[in-house]
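K.L.:
Below is input.cif; it holds mmCIF, C-alpha atoms and all ligand atoms.
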data_model
#
loop_
_atom_site.label_atom_id
_atom_site.label_comp_id
_atom_site.auth_asym_id
_atom_site.auth_seq_id
_atom_site.Cartn_x
_atom_site.Cartn_y
_atom_site.Cartn_z
CA MET C 30 15.47 -70.01 55.35
CA ARG C 31 18.46 -71.26 57.39
CA GLU C 32 18.24 -74.76 55.90
CA ARG C 33 17.75 -73.43 52.36
CA LEU C 34 20.78 -71.17 52.70
CA LEU C 35 22.89 -73.98 54.13
CA ALA C 36 21.85 -76.22 51.25
CA ALA C 37 22.83 -73.50 48.75
CA GLU C 38 26.32 -73.06 50.26
CA LYS C 39 28.93 -73.61 47.54
CA ILE C 40 31.83 -71.24 47.93
CA LYS C 41 34.28 -70.84 50.77
CA ALA C 42 37.54 -68.96 50.93
CA ILE C 43 38.98 -69.79 54.36
CA ASP C 44 39.88 -73.33 55.39
CA TRP C 45 41.49 -74.05 58.77
CA ARG C 46 43.22 -77.43 58.74
CA GLY C 47 44.55 -77.50 62.29
CA ASP C 48 48.19 -76.85 61.45
CA THR C 49 47.84 -74.57 58.43
CA LEU C 50 45.47 -71.90 57.19
CA HIS C 51 44.38 -72.26 53.58
CA LEU C 52 43.13 -69.21 51.70
CA LEU C 53 41.58 -69.05 48.25
CA ASP C 54 43.69 -66.46 46.43
CA GLN C 55 41.20 -63.69 45.59
CA ARG C 56 43.71 -61.85 43.43
CA LEU C 57 43.37 -64.56 40.78
CA LEU C 58 39.61 -65.13 40.77
CA PRO C 59 37.58 -65.80 38.70
CA LEU C 60 40.18 -66.93 36.16
CA GLU C 61 42.00 -69.27 38.50
CA GLU C 62 41.03 -71.02 41.74
CA ARG C 63 44.30 -71.40 43.63
CA TRP C 64 44.59 -72.12 47.36
CA LEU C 65 47.62 -70.90 49.31
CA ALA C 66 48.74 -72.42 52.63
CA TYR C 67 50.06 -70.38 55.58
CA ASP C 68 51.85 -71.61 58.69
CA SER C 69 52.92 -68.33 60.32
CA ALA C 70 51.39 -65.12 61.65
CA ALA C 71 53.71 -63.10 59.40
CA GLY C 72 52.49 -65.02 56.35
CA VAL C 73 48.86 -64.34 57.24
CA ALA C 74 49.60 -60.63 57.81
CA GLN C 75 51.16 -60.50 54.34
CA ALA C 76 48.15 -62.30 52.83
CA ILE C 77 45.82 -59.69 54.34
CA ARG C 78 48.02 -56.81 53.15
CA ASP C 79 48.23 -58.25 49.61
CA MET C 80 44.47 -59.02 49.54
CA VAL C 81 44.78 -62.76 49.08
CA VAL C 82 42.00 -62.61 51.68
CA ARG C 83 39.79 -59.53 51.89
CA GLY C 84 36.44 -58.27 53.12
CA ALA C 85 36.07 -57.08 56.73
CA PRO C 86 34.80 -60.27 58.44
CA ALA C 87 37.15 -62.54 56.46
CA ILE C 88 40.14 -60.39 57.43
CA GLY C 89 39.19 -60.73 61.12
CA ILE C 90 38.79 -64.51 60.86
CA ALA C 91 42.11 -64.94 59.02
CA ALA C 92 43.87 -62.79 61.63
CA ALA C 93 42.45 -64.93 64.46
CA TYR C 94 43.90 -68.06 62.83
CA GLY C 95 47.14 -66.10 62.30
CA VAL C 96 47.33 -65.66 66.09
CA VAL C 97 46.97 -69.44 66.56
CA LEU C 98 49.82 -70.04 64.10
CA GLY C 99 51.93 -67.39 65.86
CA ALA C 100 51.25 -68.91 69.29
CA ARG C 101 52.32 -72.34 68.09
CA THR C 102 55.65 -71.10 66.74
CA ARG C 103 56.34 -68.80 69.69
CA ARG C 104 55.61 -71.42 72.30
CA ALA C 105 57.76 -74.01 70.54
CA SER C 106 60.70 -71.59 70.60
CA GLY C 107 60.37 -71.17 74.41
CA GLY C 108 61.18 -68.05 76.48
CA ASP C 109 58.59 -65.32 76.94
CA TRP C 110 56.33 -66.60 74.17
CA ARG C 111 53.44 -64.34 75.13
CA ALA C 112 55.54 -61.22 74.49
CA GLY C 113 56.48 -62.66 71.10
CA LEU C 114 52.82 -63.35 70.37
CA GLU C 115 51.96 -59.74 71.11
CA GLU C 116 54.49 -58.75 68.43
CA ASP C 117 52.62 -61.07 66.02
CA CYS C 118 49.32 -59.43 66.97
CA GLN C 119 50.80 -56.03 66.23
CA LEU C 120 52.10 -57.23 62.87
CA LEU C 121 48.64 -58.56 62.00
CA ALA C 122 47.02 -55.30 63.20
CA ALA C 123 49.28 -53.29 60.88
CA SER C 124 48.18 -55.22 57.79
CA ARG C 125 45.15 -53.05 56.88
CA PRO C 126 43.74 -50.05 58.76
CA THR C 127 40.03 -49.58 57.99
CA ALA C 128 38.08 -52.80 58.69
CA VAL C 129 37.56 -52.85 62.46
CA ASN C 130 36.82 -56.60 62.44
CA LEU C 131 40.60 -57.12 62.28
CA PHE C 132 41.19 -55.32 65.59
CA TRP C 133 38.04 -56.81 67.12
CA ALA C 134 39.23 -60.35 66.34
CA LEU C 135 42.76 -59.67 67.64
CA ASN C 136 41.31 -58.29 70.89
CA ARG C 137 39.14 -61.35 71.30
CA MET C 138 42.23 -63.55 70.94
CA ARG C 139 44.16 -61.42 73.46
CA GLU C 140 41.26 -61.53 75.91
CA ARG C 141 41.05 -65.30 75.61
CA LEU C 142 44.67 -65.55 76.62
CA GLU C 143 43.97 -63.31 79.62
CA ARG C 144 41.10 -65.57 80.71
CA LEU C 145 43.10 -68.81 80.71
CA ARG C 146 42.21 -71.03 83.64
CA GLU C 147 44.73 -72.86 85.80
CA GLY C 148 46.11 -75.83 83.83
CA GLU C 149 44.24 -74.91 80.62
CA ASP C 150 46.18 -75.41 77.38
CA ALA C 151 46.75 -71.98 75.80
CA LEU C 152 47.06 -73.31 72.26
CA ALA C 153 43.86 -75.33 72.42
CA ALA C 154 42.01 -72.35 73.93
CA LEU C 155 43.25 -69.98 71.19
CA GLU C 156 42.37 -72.42 68.44
CA ALA C 157 38.86 -72.88 69.86
CA GLU C 158 38.46 -69.10 70.05
CA ALA C 159 39.47 -68.62 66.39
CA ILE C 160 37.09 -71.38 65.28
CA GLY C 161 34.40 -69.73 67.43
CA ILE C 162 34.97 -66.38 65.68
CA HIS C 163 34.68 -68.13 62.31
CA GLU C 164 31.54 -70.07 63.27
CA SER C 165 29.77 -67.11 64.85
CA ASP C 166 30.35 -65.02 61.72
CA ARG C 167 28.68 -67.78 59.71
CA GLU C 168 25.71 -67.80 62.09
CA ALA C 169 25.52 -64.00 61.99
CA ASN C 170 25.32 -64.18 58.18
CA LEU C 171 22.30 -66.48 58.41
CA THR C 172 20.47 -64.24 60.89
CA MET C 173 21.20 -61.09 58.88
CA ALA C 174 20.01 -62.76 55.68
CA GLN C 175 16.62 -63.42 57.27
CA LEU C 176 16.35 -59.93 58.78
CA GLY C 177 17.31 -58.29 55.49
CA VAL C 178 14.75 -60.30 53.53
CA ASP C 179 12.05 -59.37 56.07
CA LEU C 180 12.94 -55.73 55.56
CA ILE C 181 12.74 -55.97 51.76
CA ARG C 182 9.41 -57.80 52.00
CA LYS C 183 8.04 -55.22 54.43
CA HIS C 184 8.29 -52.58 51.69
CA GLN C 185 7.44 -54.67 48.62
CA GLY C 186 6.66 -58.37 48.19
CA SER C 187 7.33 -58.74 44.45
CA PRO C 188 10.63 -59.46 42.60
CA GLN C 189 12.87 -56.44 42.51
CA ALA C 190 15.99 -55.00 40.92
CA LEU C 191 18.76 -54.55 43.49
CA LEU C 192 22.17 -52.91 43.21
CA THR C 193 25.28 -53.85 45.16
CA HIS C 194 28.85 -52.62 45.41
CA CYS C 195 32.17 -54.39 46.07
CA ASN C 196 32.06 -58.02 47.23
CA THR C 197 30.29 -58.95 50.44
CA GLY C 198 29.65 -62.63 49.83
CA ALA C 199 31.11 -65.97 50.86
CA LEU C 200 34.53 -64.72 49.77
CA ALA C 201 34.39 -61.76 52.18
CA THR C 202 33.03 -63.54 55.26
CA GLY C 203 33.00 -66.82 57.13
CA GLY C 204 29.69 -67.85 55.57
CA PHE C 205 27.18 -66.63 53.00
CA GLY C 206 27.94 -63.00 53.11
CA THR C 207 26.51 -59.82 54.57
CA ALA C 208 24.86 -57.73 51.84
CA LEU C 209 25.29 -60.58 49.36
CA GLY C 210 23.87 -62.98 51.96
CA VAL C 211 20.68 -60.87 52.05
CA ILE C 212 20.62 -60.81 48.24
CA ARG C 213 21.09 -64.60 48.06
CA ALA C 214 18.32 -65.17 50.58
CA ALA C 215 16.03 -62.70 48.78
CA HIS C 216 16.65 -64.67 45.57
CA LEU C 217 15.72 -67.95 47.30
CA ASP C 218 12.54 -66.20 48.47
CA GLY C 219 11.61 -65.10 44.92
CA LEU C 220 12.27 -61.42 45.66
CA VAL C 221 15.02 -60.82 43.10
CA GLU C 222 14.35 -59.95 39.50
CA ARG C 223 17.96 -58.90 38.82
CA VAL C 224 21.08 -57.84 40.70
CA TYR C 225 23.18 -55.02 39.30
CA ALA C 226 26.79 -55.46 40.42
CA ASP C 227 29.00 -52.37 40.32
CA GLU C 228 32.35 -53.40 38.86
CA THR C 229 34.05 -51.62 41.83
CA ARG C 230 37.12 -49.94 40.42
CA PRO C 231 40.02 -50.18 40.80
CA TRP C 232 40.36 -53.67 42.33
CA LEU C 233 37.22 -54.96 40.55
CA GLN C 234 35.71 -56.83 43.51
CA GLY C 235 32.32 -56.53 41.78
CA ALA C 236 33.39 -57.68 38.33
CA ARG C 237 35.70 -60.45 39.49
CA LEU C 238 34.14 -61.70 42.73
CA THR C 239 30.48 -60.66 43.14
CA ALA C 240 29.53 -61.41 39.54
CA TRP C 241 31.29 -64.80 39.88
CA GLU C 242 29.61 -65.70 43.16
CA LEU C 243 26.12 -64.77 41.89
CA ALA C 244 26.62 -66.54 38.55
CA GLU C 245 27.80 -69.69 40.40
CA GLU C 246 24.52 -69.63 42.31
CA CYS C 247 22.37 -68.86 39.25
CA VAL C 248 21.22 -65.48 40.60
CA PRO C 249 20.43 -63.18 37.64
CA VAL C 250 23.27 -60.66 37.65
CA THR C 251 24.25 -57.83 35.36
CA LEU C 252 27.62 -56.15 35.65
CA ASN C 253 27.77 -52.37 35.31
CA ALA C 254 30.43 -49.68 35.37
CA ASP C 255 30.45 -47.82 38.70
CA ALA C 256 29.63 -44.62 36.85
CA ALA C 257 26.40 -46.18 35.47
CA ALA C 258 24.74 -46.46 38.90
CA ALA C 259 22.78 -43.17 38.81
CA HIS C 260 21.53 -43.86 35.29
CA LEU C 261 20.48 -47.40 36.26
CA MET C 262 18.62 -46.14 39.34
CA LYS C 263 16.75 -43.72 37.10
CA THR C 264 15.93 -46.18 34.32
CA ARG C 265 15.91 -49.76 35.68
CA GLY C 266 13.49 -49.59 38.60
CA ILE C 267 16.10 -50.37 41.26
CA THR C 268 14.40 -50.43 44.68
CA TRP C 269 17.32 -51.08 47.03
CA VAL C 270 21.05 -50.50 47.16
CA ILE C 271 22.46 -53.16 49.50
CA VAL C 272 26.08 -52.92 50.69
CA GLY C 273 28.37 -54.16 53.46
CA ALA C 274 30.58 -52.18 55.82
CA ASP C 275 34.15 -52.11 57.07
CA ARG C 276 33.47 -49.96 60.13
CA ILE C 277 30.34 -48.37 61.56
CA THR C 278 30.81 -45.66 64.16
CA ALA C 279 28.66 -44.88 67.22
CA ASN C 280 26.54 -42.34 65.31
CA GLY C 281 25.76 -44.77 62.44
CA ASP C 282 28.25 -43.46 59.86
CA VAL C 283 29.51 -46.28 57.63
CA ALA C 284 32.94 -46.81 56.07
CA ASN C 285 32.77 -49.11 53.06
CA LYS C 286 34.41 -49.60 49.68
CA ILE C 287 35.18 -46.39 47.79
CA GLY C 288 32.12 -45.36 45.80
CA THR C 289 29.58 -46.32 48.46
CA TYR C 290 29.13 -42.72 49.57
CA GLN C 291 28.25 -41.49 46.10
CA LEU C 292 25.82 -44.41 45.70
CA ALA C 293 24.02 -43.33 48.88
CA VAL C 294 23.76 -39.72 47.66
CA VAL C 295 22.39 -40.85 44.31
CA ALA C 296 20.02 -43.35 45.95
CA MET C 297 18.58 -40.58 48.13
CA HIS C 298 18.03 -38.42 45.05
CA HIS C 299 16.14 -41.21 43.28
CA GLY C 300 14.12 -42.41 46.29
CA VAL C 301 15.98 -45.76 46.25
CA ARG C 302 16.31 -47.36 49.71
CA PHE C 303 19.82 -47.89 51.09
CA MET C 304 20.60 -50.91 53.29
CA VAL C 305 23.89 -51.65 55.07
CA VAL C 306 24.41 -55.22 56.25
CA ALA C 307 27.20 -55.98 58.74
CA PRO C 308 27.78 -58.12 61.84
CA SER C 309 28.07 -56.24 65.13
CA SER C 310 31.83 -56.97 65.07
CA THR C 311 31.94 -54.20 62.42
CA ILE C 312 30.48 -51.62 64.83
CA ASP C 313 33.12 -49.52 66.56
CA MET C 314 31.46 -47.76 69.49
CA SER C 315 34.81 -46.20 70.47
CA LEU C 316 34.61 -43.79 67.52
CA GLU C 317 32.03 -41.04 67.62
CA SER C 318 31.71 -40.42 63.89
CA GLY C 319 33.01 -41.47 60.50
CA GLU C 320 35.49 -38.59 60.52
CA ASP C 321 37.58 -40.61 62.98
CA ILE C 322 37.88 -43.70 60.74
CA PRO C 323 41.35 -44.27 59.22
CA ILE C 324 40.89 -44.56 55.47
CA GLU C 325 43.35 -46.86 53.72
CA GLU C 326 45.15 -45.49 50.67
CA ARG C 327 46.64 -48.13 48.38
CA ASP C 328 49.26 -47.94 45.68
CA GLY C 329 48.34 -45.63 42.80
CA ARG C 330 49.43 -48.37 40.41
CA GLU C 331 46.03 -50.01 41.04
CA LEU C 332 44.66 -47.11 38.97
CA LEU C 333 47.52 -46.46 36.61
CA GLU C 334 47.93 -50.05 35.45
CA VAL C 335 45.69 -52.83 34.19
CA GLY C 336 47.02 -56.37 34.58
CA GLY C 337 50.48 -54.99 35.39
CA ARG C 338 50.59 -52.87 32.20
CA ARG C 339 50.51 -49.07 32.39
CA VAL C 340 47.42 -47.59 30.72
CA ALA C 341 47.27 -44.10 32.28
CA ALA C 342 49.18 -40.97 31.35
CA GLU C 343 52.34 -40.13 33.31
CA VAL C 344 50.56 -38.50 36.25
CA GLU C 345 50.24 -39.32 39.92
CA ALA C 346 47.14 -41.13 41.16
CA VAL C 347 45.29 -40.97 44.46
CA ASN C 348 43.75 -44.23 45.60
CA PRO C 349 41.65 -44.05 48.80
CA VAL C 350 39.96 -47.46 48.91
CA PHE C 351 37.16 -46.66 51.37
CA ASP C 352 34.82 -43.75 51.98
CA VAL C 353 32.34 -42.80 54.67
CA THR C 354 28.58 -42.66 54.12
CA PRO C 355 26.89 -40.38 56.64
CA ALA C 356 24.19 -42.00 58.77
CA ASP C 357 21.46 -39.70 57.46
CA LEU C 358 21.74 -41.24 53.97
CA ILE C 359 21.11 -44.76 55.32
CA ASP C 360 17.66 -46.32 55.58
CA ALA C 361 18.67 -49.35 57.60
CA ILE C 362 21.64 -51.07 59.20
CA VAL C 363 21.04 -54.82 59.46
CA THR C 364 23.11 -56.73 62.05
CA GLU C 365 22.71 -60.13 63.69
CA ARG C 366 21.50 -58.31 66.83
CA GLY C 367 18.66 -56.67 64.96
CA VAL C 368 17.83 -53.93 62.47
CA VAL C 369 18.26 -50.21 63.03
CA GLU C 370 16.19 -48.07 60.69
CA ARG C 371 17.23 -44.44 60.17
CA PRO C 372 20.35 -44.91 62.36
CA THR C 373 21.15 -42.50 65.18
CA ALA C 374 23.62 -42.66 68.09
CA GLU C 375 20.79 -43.56 70.49
CA LYS C 376 19.53 -46.42 68.31
CA LEU C 377 23.06 -47.80 67.80
CA ALA C 378 23.72 -47.68 71.57
CA GLU C 379 20.47 -49.56 72.22
CA LEU C 380 21.37 -52.18 69.58
CA MET C 381 24.82 -52.74 71.06
CA SER C 382 23.38 -53.12 74.55
CA ARG C 383 21.45 -56.19 73.31
CA LYS C 384 22.98 -59.58 74.00
CA ARG C 385 25.07 -61.12 71.22
CA LEU C 386 23.12 -63.92 69.63
CA HIS C 387 26.14 -65.90 68.42
O1 LIG V 1 39.17 -53.79 50.09
P1 LIG V 1 38.22 -54.89 50.40
O2 LIG V 1 37.92 -55.77 49.25
O3 LIG V 1 38.67 -55.68 51.63
O4 LIG V 1 36.88 -54.14 50.80
C1 LIG V 1 35.74 -54.89 51.13
C2 LIG V 1 34.54 -54.07 51.38
O5 LIG V 1 34.59 -52.87 51.32
C3 LIG V 1 33.30 -54.79 51.77
O6 LIG V 1 32.17 -54.11 51.32
C4 LIG V 1 33.24 -54.87 53.30
O7 LIG V 1 34.44 -55.36 53.82
C5 LIG V 1 32.14 -55.74 53.76
S1 LIG V 1 32.47 -57.44 53.39
C6 LIG V 1 31.27 -58.40 54.07
#
Kindly return the structure encoded in the file as structure tokens.

P.N.:
Amino acid sequence: MRERLLAAEKIKAIDWRGDTLHLLDQRLLPLEERWLAYDSAAGVAQAIRDMVVRGAPAIGIAAAYGVVLGARTRRASGGDWRAGLEEDCQLLAASRPTAVNLFWALNRMRERLERLREGEDALAALEAEAIGIHESDREANLTMAQLGVDLIRKHQGSPQALLTHCNTGALATGGFGTALGVIRAAHLDGLVERVYADETRPWLQGARLTAWELAEECVPVTLNADAAAAHLMKTRGITWVIVGADRITANGDVANKIGTYQLAVVAMHHGVRFMVVAPSSTIDMSLESGEDIPIEERDGRELLEVGGRRVAAEVEAVNPVFDVTPADLIDAIVTERGVVERPTAEKLAELMSRKRLH
């Protein structure tokens, strides 16, 4: 599977070139493929805030490279460069609140600095750490793809209709994707009859990014309005809903793109299995339950306007961009450390006590 996935790799969105970070501008896809170059931590923080780069693992990876860029500038300007770098870390941390991978990656970079050995070059160590975060996410994607396919096959070995939400593919990660990585691998294994991609209002990650990624890889995909999901589960023989996560708490609650929670409720009603795929860097054992997760609210204009033109009546709009799916609506959480079926606090604690594979 690993080799077949590697051979199928086509799309990437993050390119580290040693002195600059290049990001594929996801605000313009699929109509335009434009790369933007960043040479400062502040620039990367802005790119995360503006969603040039998005998706929990990709945000963490970009932030790690942002720290390298910050360290380079701070050290060149002399003085207490480490204090200046901490300011950069805080700026990066303030870019988006929900995906815990951002804070996880920043802490890994801080810890690396703490662990510097006598005579070791701080810049080289930070750069190696950021590349390591990027590479290990890619490896985690491969492991999760295999584990997710095994889980699908365990329940049914024939081609199936799957439904996904938001974008969890190569654009959202350092590799093949989390939920979309499982879907890709399932397709390579002949287990996919069709993928239904929720359009994912209001930012349209499904319509613009997931549909594009799957079409590029010749995976049969049908785009649907978010509101069509219940009807499709009832009429199209969907067997699994497969989604990613932005933060999973110690009890197995999952924050993901707005609309995920209602999908899980509807899936339960229709007897459709619900799989969450995320690397263990998305698991936040410091929070007891999903109630503690900060939920990002974005500008109401994302709802009121289409393509910069107002389409809604003159009212205010509320735009929470994530929601929390309670653990008891989830059949399985797939991570690179293993699979947890019917998640509970005990099972999550056991999973996190396992050694990291990558
Ligand atoms: O607002 P976004 O596009 O950053 O939200 C992305 C999601 O909600 C994804 O489902 C999640 O980050 C997992 S990506 C592998």

K.L.:
Please check which protein, DNA or RNA residues sit within 9 Å of ligand LIG 1 (chain V), counting all atoms listed in the file, and write them as an MDAnalysis selection string.

P.N.:
chainID C and resid 77 80 82:88 125 127:128 194:202 206:210 232:234 272:276 284:287 289 306:308 311 325 350:351

K.L.:
Quick check, in Å to one decimal: how far apart do CA of Leu155 (chain C) and CA of Leu316 (chain C) lie?

P.N.:
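So the answer is 27.8 Å.
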
K.L.:
Given the choices C:Leu252, C:Met304, C:Glu317, C:Gly288, which gets closest to Ile212 (chain C) if the distance is worked out from all atoms listed in the file?

P.N.:
C:Met304

K.L.:
At a cut-off of 6 Å from (15.0, -47.5, 53.8) in the coordinates of the file, what residues are picked up using all atoms listed in the file, written as a short mmCIF file (atom, residue, chain, number, x, y, z; two decimals) with C-alpha atoms, in the coordinates of the input?

P.N.:
data_model
loop_
_atom_site.label_atom_id
_atom_site.label_comp_id
_atom_site.auth_asym_id
_atom_site.auth_seq_id
_atom_site.Cartn_x
_atom_site.Cartn_y
_atom_site.Cartn_z
CA ARG C 302 16.31 -47.36 49.71
CA PHE C 303 19.82 -47.89 51.09
CA ASP C 360 17.66 -46.32 55.58
CA ALA C 361 18.67 -49.35 57.60
#

K.L.:
Can you work out the spacing between CA of Ala226 (chain C) and CA of Thr251 (chain C) in Å, to one decimal?

P.N.:
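So the two atoms, CA of Ala226 (chain C) and CA of Thr251 (chain C), lie 6.1 Å apart.
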
K.L.:
Just checking: using all atoms listed in the file, which residue out of C:Val221, C:Val340, C:Ile324, C:Ala134 ends up closest to Asp166 (chain C)?

P.N.:
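Looking only at the distances to Asp166 (chain C), the closest residue turns out to be C:Ala134.
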
K.L.:
One number please: CA of Asp79 (chain C) to CA of Trp45 (chain C), in Å, one decimal.

P.N.:
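So the two atoms, CA of Asp79 (chain C) and CA of Trp45 (chain C), lie 19.5 Å apart.
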
K.L.:
Which residue is closest to Gly204 (chain C)? Choose from C:Tyr67, C:Gly329, C:Ile160, C:Ala169 and count all atoms listed in the file.

P.N.:
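Counting all atoms listed in the file, the residue closest to Gly204 (chain C) is C:Ala169.
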
K.L.:
Show me the residues around (49.0, -46.4, 40.8) - criterion: an atom at most 10 Å away, only C-alpha atoms counted - as a VMD selection string.

P.N.:
chain C and resid 231 327 to 335 339 341 344 to 348

K.L.:
Given all atoms listed in the file as the basis, pick out the residue of C:Val368, C:Phe205, C:Glu379, C:Ile312 nearest to Lys39 (chain C).

P.N.:
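Comparing C:Val368, C:Phe205, C:Glu379, C:Ile312 against Lys39 (chain C), the winner is C:Phe205.
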
K.L.:
For Met381 (chain C), which residue out of C:Pro355, C:Gly336, C:Gly113, C:Gly281 is the nearest one, using only C-alpha atoms?

P.N.:
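Smallest distance to Met381 (chain C) is found for C:Gly281.
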